[in-house]
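Take a look at the structure below.
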Amino acid sequence: MFNFLKPKPKTARPTFAPLGIDIHCHLLPSVDDGSKSNEESIACLRIMHEAGFNKVICTPHYQYPRFPNEESDIQQRFADMKLDLASQGVSSVIPELAGVAGEYRVDTGFTDRMATNKFLLVGGHYLLAEFSLHQQVMGLDEILFELQMKNYEVILAHPERYPYYSSSSSKLQHFKDMSIYFQINILSLQGFYGEGPRRKAYEMIEKGWVEFLGTDMHNTLYAQALIDASHDHKIIKLLDTHKFLNSQVFSANAGEATKI
Ligand SMILES: [Fe+2]
């Protein structure tokens with residue numbers, strides 16, 4: 001009888017429509033620490049659609065030995081997920097599942113993988129790489145240089161989240177000098193990971209160092225935070241005033257055009 005008095009659940013506003021494509025999420029079920037089921041993925045994807053995304057690229061973790069994913073298995077699971085979601089008739093209320101790639105942890109397994117060149121690339125073009133949150137990678141410059149010699153365009157995932165880069169920007173500046181692309185997590189801007197990453201994320205954007213934004217969506221907790229982010233006035237203004245390259249990731253010449 002008094003249902004009209006209940007507050008309506010908050011929905012997202014389409015703040016992120018200018019990005020179009022989310023290039024970083026963990027919504028391929030049960031392959032890493034992200035979504036556990038297609039139902040959970042659909043719940044997240046519905047909110048991402050409300051928030052303005054029309055395409056997503058799934059980027060499961062490749063991390064040795066925790067997530068020893070293999071490309072062929074991941075591609076098959078992605079195809080299965082697409083079929084299942086299509087059969088559920090939700091296509092009009094979720095973003096298109098536009099591609100599957102990987103978020104590659106630069107670790108022992110990564111250097112072994114480099115020898116085989118078996119990478120699933122974002123938009124068929126960019127290698128999304130992440131580092132440990134706890135310790136710096138030894139021999140990193142050599143690894144990045146070797147990747148570039150092999151013509152990989154490297155995107156560093158969430159540089160604002162590495163605590164060992166928080167007090168100084170000299171190493172991050174060094175990566176920019178090496179033409180490494182940066183992808184900031186939208187939820188960092190919202191404060192999801194704390195004040196340090198939030199401040200660092202804005203600092204890097206103001207310096208013009210950030211080419212991409214991503215949700216790094218894992219589950220419905222992240223999706224709820226994305227709703228909050230979509231209503232955050234500072235983030236709304238940022239999307240109005242800054243141009244990011246998400247919508248260009250499928251362009252064959254995107255890397256050439258954007259190299260700095
Ligand atoms: Fe991630």
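In the structure tokens, each chain is lettered A, B, ... as it comes, each chain's residues begin at 1, and ligands are numbered from 1 in order of appearance.
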
Exercise for the section: Name all residues at most 12 Å from Ala115 (chain A) (count only C-alpha atoms; drop same-chain ones fewer than 3 positions away) and give them as a list of chain:residue names. Expected result: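 Neighbouring residues, sequence-local ones excluded: A:Thr108, A:Gly109, A:Phe110, A:Thr111, A:Asp112, A:Lys118, A:Phe119, A:Ile143, A:Glu146, A:Leu147, A:Lys150.
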
Practice task
Would you please extract all strand (DSSP E or B) residues from region 24-216 of chain A, as assigned by DSSP on the backbone, and give them as a PyMOL selection string?
Solution key: chain A and resi 24-25+55-58+61-63+67+96-100+103-105+122+126-130+153-157+181-185+212-214

Problem - Cut-off 12 Å, only C-alpha atoms and all ligand atoms, neighbours of ligand 1 as a PyMOL selection string - result: chain A and resi 22-28+32-35+57-63+101-105+128-133+156-159+161+183-187+213-219+222

Problem - Pairwise distance for CA of Tyr164 (chain A) and CA of Asn117 (chain A), rounded to one decimal in Å - result: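 The value is 28.8 Å.
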
Practice task
Provide the CA of Lys171 (chain A) to CA of Pro68 (chain A) distance in Å, to one decimal place.
Solution key: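 Atom-to-atom, CA of Lys171 (chain A) and CA of Pro68 (chain A) are spaced 28.9 Å apart.
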
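Distance check against Ser169 (chain A) using only C-alpha atoms: of A:Tyr152, A:Phe250, A:Trp209, A:Phe16, the minimum falls on A:Trp209.
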
Practice task
Enter the distance from CA of Gly123 (chain A) to CA of Val249 (chain A), in Å, rounded to one decimal.
Solution key: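 Answer for the CA of Gly123 (chain A) to CA of Val249 (chain A) separation: 5.2 Å.
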
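Take the candidates A:Asn151, A:Ser230, A:Ser168, A:Ser91 and check each one against Gln190 (chain A) using only C-alpha atoms; the shortest distance goes to A:Ser230.
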
Exercise for the section: List the neighbours of Tyr126 (chain A) out to 9 Å using only C-alpha atoms; skip same-chain residues closer than 5 positions along the sequence, and give me the result as a list in words. Expected result: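 Contacts, with the query itself left out: Leu120, Leu121, Tyr152, Glu153, Val154, Ile155, Val249 and Gly255 of chain A.
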
What lies within 6 Å of region 36-47 of chain A using only C-alpha atoms, ignoring chain neighbours under 6 positions off, as a CSV table (one decimal) with C-alpha atoms, in the first residue's frame?
```csv
chain,number,residue,atom,x,y,z
A,27,LEU,CA,32.8,-10.2,-16.9
A,29,PRO,CA,32.4,-15.7,-15.8
A,30,SER,CA,34.5,-17.9,-13.5
A,93,VAL,CA,19.7,-3.6,-22.5
A,94,ILE,CA,23.4,-4.4,-22.4
A,220,THR,CA,27.9,-5.9,-8.8
A,223,ALA,CA,28.6,-1.8,-10.7
```

Handout entry: Residue neighbourhood Pro197 (chain A), 7 Å, only C-alpha atoms, exclusion window fewer than 2 positions, as a list in words
Key =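 So the residues in contact are Glu160, Arg161, Ser188, Tyr193, Gly194, Glu195, Arg199, Lys200 and Ala201 of chain A.
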
Resulting file, chosen residues, N, CA and C atoms, as an mmCIF file, in the first residue's frame:
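Produced file again_6.cif, reproduced below:
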```cif
data_model
loop_
_atom_site.group_PDB
_atom_site.id
_atom_site.type_symbol
_atom_site.label_atom_id
_atom_site.label_comp_id
_atom_site.auth_asym_id
_atom_site.auth_seq_id
_atom_site.Cartn_x
_atom_site.Cartn_y
_atom_site.Cartn_z
ATOM 1 N N GLU A 160 47.438 4.565 -11.559
ATOM 2 C CA GLU A 160 47.173 5.298 -10.312
ATOM 3 C C GLU A 160 47.116 4.388 -9.088
ATOM 4 N N ARG A 161 47.054 3.068 -9.316
ATOM 5 C CA ARG A 161 46.834 2.148 -8.196
ATOM 6 C C ARG A 161 48.117 1.524 -7.646
ATOM 7 N N SER A 188 38.490 4.678 -9.730
ATOM 8 C CA SER A 188 39.520 5.421 -8.985
ATOM 9 C C SER A 188 39.097 6.880 -8.851
ATOM 10 N N TYR A 193 38.949 3.122 -4.597
ATOM 11 C CA TYR A 193 40.194 2.510 -4.101
ATOM 12 C C TYR A 193 40.892 3.396 -3.071
ATOM 13 N N GLY A 194 40.223 4.472 -2.662
ATOM 14 C CA GLY A 194 40.813 5.357 -1.659
ATOM 15 C C GLY A 194 41.252 6.695 -2.237
ATOM 16 N N GLU A 195 41.654 7.585 -1.333
ATOM 17 C CA GLU A 195 41.976 8.959 -1.715
ATOM 18 C C GLU A 195 43.281 9.047 -2.527
ATOM 19 N N ARG A 199 43.410 10.892 -6.148
ATOM 20 C CA ARG A 199 44.198 12.094 -6.400
ATOM 21 C C ARG A 199 45.192 11.865 -7.552
ATOM 22 N N LYS A 200 45.843 10.704 -7.523
ATOM 23 C CA LYS A 200 46.841 10.389 -8.559
ATOM 24 C C LYS A 200 46.185 10.308 -9.945
ATOM 25 N N ALA A 201 44.982 9.749 -9.998
ATOM 26 C CA ALA A 201 44.279 9.619 -11.279
ATOM 27 C C ALA A 201 44.011 10.998 -11.872
#
```

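Residues lying within 6 Å of Ala12 (chain A), counting only C-alpha atoms and ignoring same-chain neighbours fewer than 6 positions away, are Glu50, Ala51, Ile227 and Ser230 of chain A.
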
Mind writing the picked residues with C-alpha atoms as a PDB file, in the first residue's frame?
```pdb
ATOM      1  CA  GLU A  50      22.689   2.705 -18.429  1.00  0.00           C
ATOM      2  CA  ALA A  51      25.992   4.454 -17.735  1.00  0.00           C
ATOM      3  CA  ILE A 227      26.277   4.225 -10.653  1.00  0.00           C
ATOM      4  CA  SER A 230      27.982   8.398 -13.177  1.00  0.00           C
TER       5      SER A 230
END
```

Handout entry: Who sits within 12 Å of His233 (chain A), only C-alpha atoms, same chain under 6 positions skipped, as a ChimeraX atom specification
Key = /A:13,15,189-190,239-240
